[in-house]
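This report refers to the structure that appears directly beneath it.
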Amino acid sequence: MISSVKHSSAAIGVTDLVRRGSSPVRPQMASIPLISATKGPNLSLATRKPLYLTSPEGFGFGPRDGFMSAAEPRGFALRCGAYEADRSDSVEISRQETRSAASQKVKIGIYFATWWALNVVFNIYNKKVLNAFPYPWLTSTLSLATGSLMMLISWATRIAEAPKTDFKFWKALAPVAVAHTIGHVAATVSMSKVAVSFTHIIKSGEPAFSVLVSRFLLGETFPVPVYLSLVPIIGGCALAAVTELNFNMTGFMGAMISNLAFVFRNIFSKRGMKGTSVSGMNYYACLSILSLLILTPFAIAIEGPQMWAAGWQTALSQIGPHFIWWVAAQSVFYHLYNQVSYMSLDEISPLTFSIGNTMKRISVIVSSIIIFHTPVQPINALGAAIAVLGTFLYSQIAVDAGDECFTAQERVCRSVPSKESFYFSYCCRAMNGMGMKAK
């Protein structure tokens with residue numbers, strides 16, 4: 001560590017410190033007490049630890065015999081060496097940075113592991129419930145109702161801080177909630193008709209919908225590699241669909257509608273939620289509550305209490321009390337996996353998130369095939385692999401190619417001052433589907 005004492009041109013002269021004609025004096029090791037900062041009109045001294053000064057150079061002091069010299073001073077410049085007390089600073093900082101980076105990696109790993117595990121468990125229990133109780137509208141309603149109740153209790157008991165919202169916030173959230181509701185119900189309808197693995201293979205084509213909607217409805221343009229990356233996604237999904245042994249058009253269309261709805265959810269989020277400082281957890285809670293209010297009347301009108309009561313009794317007679325646990329588990333895990341995925345966006349980049357999302361689909365597809373013994377032909381597995389690989393390639397090409405935003409709308413995302421804003425997180429997700437990168 002080097003400490004400096006500075007003087008202006010009008011500062012104290014050297015003769016004030018070393019007077020000519022004075023008798024030679026043996027230099028002493030000067031101990032400067034612990035000083036945080038000492039400042040004067042023309043003098044500034046800064047150090048954080050005791051400094052032990054050796055023989056000063058620059059006053060004409062003899063470096064070899066250690067005695068003062070009567071030579072004419074060449075200017076006032078004092079350099080003093082600080083010993084072991086300060087040399088550990090850089091080492092300590094380096095160690096702290098290493099520990100911080102390691103802890104961040106561990107934190108991200110925990111986020112990913114939790115996110116994937118919760119998503120796999122949700123999909124398994126959701127499919128079990130739908131096999132025994134084929135009423136996707138009620139199942140979707142229960143998922144949203146459970147998450148909303150959990151967050152209301154958390155706010156009431158002050159486990160989580162309640163968000164500060166106003167009418168403008170809920171007005172901007174309304175179209176997002178509509179799209180979220182449609183996407184959630186459509187995905188549940190799909191899984192009630194086809195295998196979980198097939199639904200997720202089709203849902204891996206969401207980037208294609210994002211690019212196409214942005215291109216033809218919003219007038220966005222993208223680099224050529226982004227369009228080329230859609231070829232394996234679309235081709236893989238098509239190959240998996242035509243070779244699916246238990247293909248069902250309702251299930252296929254449900255997954256496609258879910259993709260489209262979630263693309264519009266991202267677009268509405270970008271346009272309507274700028275400047276919002278609600279955290280990810282609370283934003284998703286508000287989204288669940290509003291989606292529940294939108295979905296409930298439609299669920300009652302389409303399926304109704306009479307169908308639910310009859311189906312409930314049938315499921316209980318066939319499955320037993322375990323059926324109630326299945327319903328509770330799929331509802332709780334639905335809320336938790338979504339909450340963790342949104343919270344993770346505050347900690348990682350869009351590219352990392354997209355890669356994690358791709359790996360999540362692989363884990364869901366593989367685990368569901370194993371648990372439900374889903375028959376898979378080699379050509380069908382090839383189509384699934386191509387689609388998932390295409391999604392992975394797209395996530396890297398699109399984000400890397402999007403160093404600059406293509407329109408003023410995307411620039412708004414970069415102006416959000418804090419990653420604590422869930423709008424920033426949604427921007428990351430939306431730009432991830434539009435070939436852009438949040439910086």
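Residue numbers start at 1 in each chain; chains themselves are named A, B, ... in the order of the structure tokens; ligands are numbered from 1 in the order shown.
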Using only C-alpha atoms, what does the table of segment 260-370 of chain A residues within 12 Å of segment 161-172 of chain A look like, with each row giving the shortest atom pair and its distance in Å to one decimal, sorted by chain and ascending number, as JSON lines?
```
{"residue": "A:Arg265", "atom": "CA", "partner": "A:Ala172", "partner_atom": "CA", "distance": 11.6}
{"residue": "A:Ile267", "atom": "CA", "partner": "A:Ala172", "partner_atom": "CA", "distance": 11.9}
{"residue": "A:Phe268", "atom": "CA", "partner": "A:Ala172", "partner_atom": "CA", "distance": 8.3}
{"residue": "A:Ser269", "atom": "CA", "partner": "A:Ala172", "partner_atom": "CA", "distance": 8.1}
{"residue": "A:Lys270", "atom": "CA", "partner": "A:Ala172", "partner_atom": "CA", "distance": 10.2}
{"residue": "A:Arg271", "atom": "CA", "partner": "A:Ala172", "partner_atom": "CA", "distance": 8.5}
{"residue": "A:Gly272", "atom": "CA", "partner": "A:Ala172", "partner_atom": "CA", "distance": 4.9}
{"residue": "A:Met273", "atom": "CA", "partner": "A:Ala172", "partner_atom": "CA", "distance": 6.3}
{"residue": "A:Lys274", "atom": "CA", "partner": "A:Ala172", "partner_atom": "CA", "distance": 9.4}
{"residue": "A:Gly275", "atom": "CA", "partner": "A:Phe169", "partner_atom": "CA", "distance": 10.0}
{"residue": "A:Thr276", "atom": "CA", "partner": "A:Phe169", "partner_atom": "CA", "distance": 7.8}
{"residue": "A:Ser277", "atom": "CA", "partner": "A:Lys164", "partner_atom": "CA", "distance": 9.0}
{"residue": "A:Val278", "atom": "CA", "partner": "A:Pro163", "partner_atom": "CA", "distance": 6.2}
{"residue": "A:Ser279", "atom": "CA", "partner": "A:Pro163", "partner_atom": "CA", "distance": 7.9}
{"residue": "A:Gly280", "atom": "CA", "partner": "A:Pro163", "partner_atom": "CA", "distance": 10.4}
{"residue": "A:Met281", "atom": "CA", "partner": "A:Pro163", "partner_atom": "CA", "distance": 9.6}
{"residue": "A:Asn282", "atom": "CA", "partner": "A:Pro163", "partner_atom": "CA", "distance": 6.2}
{"residue": "A:Tyr283", "atom": "CA", "partner": "A:Pro163", "partner_atom": "CA", "distance": 8.1}
{"residue": "A:Tyr284", "atom": "CA", "partner": "A:Pro163", "partner_atom": "CA", "distance": 11.0}
{"residue": "A:Ala285", "atom": "CA", "partner": "A:Pro163", "partner_atom": "CA", "distance": 9.6}
{"residue": "A:Cys286", "atom": "CA", "partner": "A:Trp170", "partner_atom": "CA", "distance": 8.4}
{"residue": "A:Leu287", "atom": "CA", "partner": "A:Trp170", "partner_atom": "CA", "distance": 9.1}
{"residue": "A:Ile289", "atom": "CA", "partner": "A:Trp170", "partner_atom": "CA", "distance": 10.7}
{"residue": "A:Leu290", "atom": "CA", "partner": "A:Trp170", "partner_atom": "CA", "distance": 8.4}
{"residue": "A:Ser291", "atom": "CA", "partner": "A:Trp170", "partner_atom": "CA", "distance": 11.4}
```
Closest-contact table, segment 127-221 of chain A side, partner segment 232-240 of chain A, 10 Å, counting only C-alpha atoms, as JSON lines:
```
{"residue": "A:Phe198", "atom": "CA", "partner": "A:Ala240", "partner_atom": "CA", "distance": 7.7}
{"residue": "A:His200", "atom": "CA", "partner": "A:Cys237", "partner_atom": "CA", "distance": 9.9}
{"residue": "A:Ile201", "atom": "CA", "partner": "A:Cys237", "partner_atom": "CA", "distance": 6.4}
{"residue": "A:Ile202", "atom": "CA", "partner": "A:Cys237", "partner_atom": "CA", "distance": 5.7}
{"residue": "A:Lys203", "atom": "CA", "partner": "A:Cys237", "partner_atom": "CA", "distance": 8.8}
{"residue": "A:Ser204", "atom": "CA", "partner": "A:Ile233", "partner_atom": "CA", "distance": 7.6}
{"residue": "A:Gly205", "atom": "CA", "partner": "A:Ile233", "partner_atom": "CA", "distance": 5.8}
{"residue": "A:Glu206", "atom": "CA", "partner": "A:Ile233", "partner_atom": "CA", "distance": 9.0}
{"residue": "A:Pro207", "atom": "CA", "partner": "A:Ile233", "partner_atom": "CA", "distance": 8.3}
{"residue": "A:Ala208", "atom": "CA", "partner": "A:Ile234", "partner_atom": "CA", "distance": 7.2}
{"residue": "A:Phe209", "atom": "CA", "partner": "A:Ile234", "partner_atom": "CA", "distance": 9.8}
```
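With distances restricted to only C-alpha atoms, A:Phe262 is the closest residue to Val176 of chain A from A:Phe262, A:Trp115, A:Trp155, A:Phe353.
Distance-wise, atom CA of Ile370 of chain A and atom CA of Ala385 of chain A end up 16.2 Å apart.
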### Task
Would you return as a VMD selection string the members of segment 202-408 of chain A that DSSP assigns to helix (DSSP H, G or I) on this structure's backbone?
chain A and resid 202 to 203 206 to 216 224 to 242 249 to 272 280 to 302 304 to 319 322 to 344 350 to 372 378 to 401 408
### Exercise: segment 245-259 of chain A partners within 9 Å, only C-alpha atoms, chain neighbours under 5 positions left out, as an MDAnalysis selection string
chainID A and resid 179:180 182:195 198:200 202:207 209:210 264 375:377 380
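Taking atom CA of Ile379 of chain A and atom CA of Val242 of chain A as endpoints, the distance between them is 9.8 Å.
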### Task
Would you mind listing what lies within 6 Å of segment 120-124 of chain A as number ranges by chain, with only C-alpha atoms counted and same-chain residues fewer than 3 positions away left out?
A: 117, 127, 330, 333-334, 364
Residue subset to file, keeping C-alpha atoms, as a PDB file, in the first residue's frame:
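Result saved to out.pdb:
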```pdb
ATOM      1  CA  ALA A 117     -38.438 -29.971  -8.936  1.00  0.00           C
ATOM      2  CA  LYS A 127     -52.009 -35.129 -14.700  1.00  0.00           C
ATOM      3  CA  GLN A 330     -51.148 -29.742  -7.747  1.00  0.00           C
ATOM      4  CA  PHE A 333     -47.057 -26.669  -6.396  1.00  0.00           C
ATOM      5  CA  TYR A 334     -48.482 -24.708  -9.324  1.00  0.00           C
ATOM      6  CA  VAL A 364     -40.688 -32.601 -17.248  1.00  0.00           C
TER       7      VAL A 364
END
```
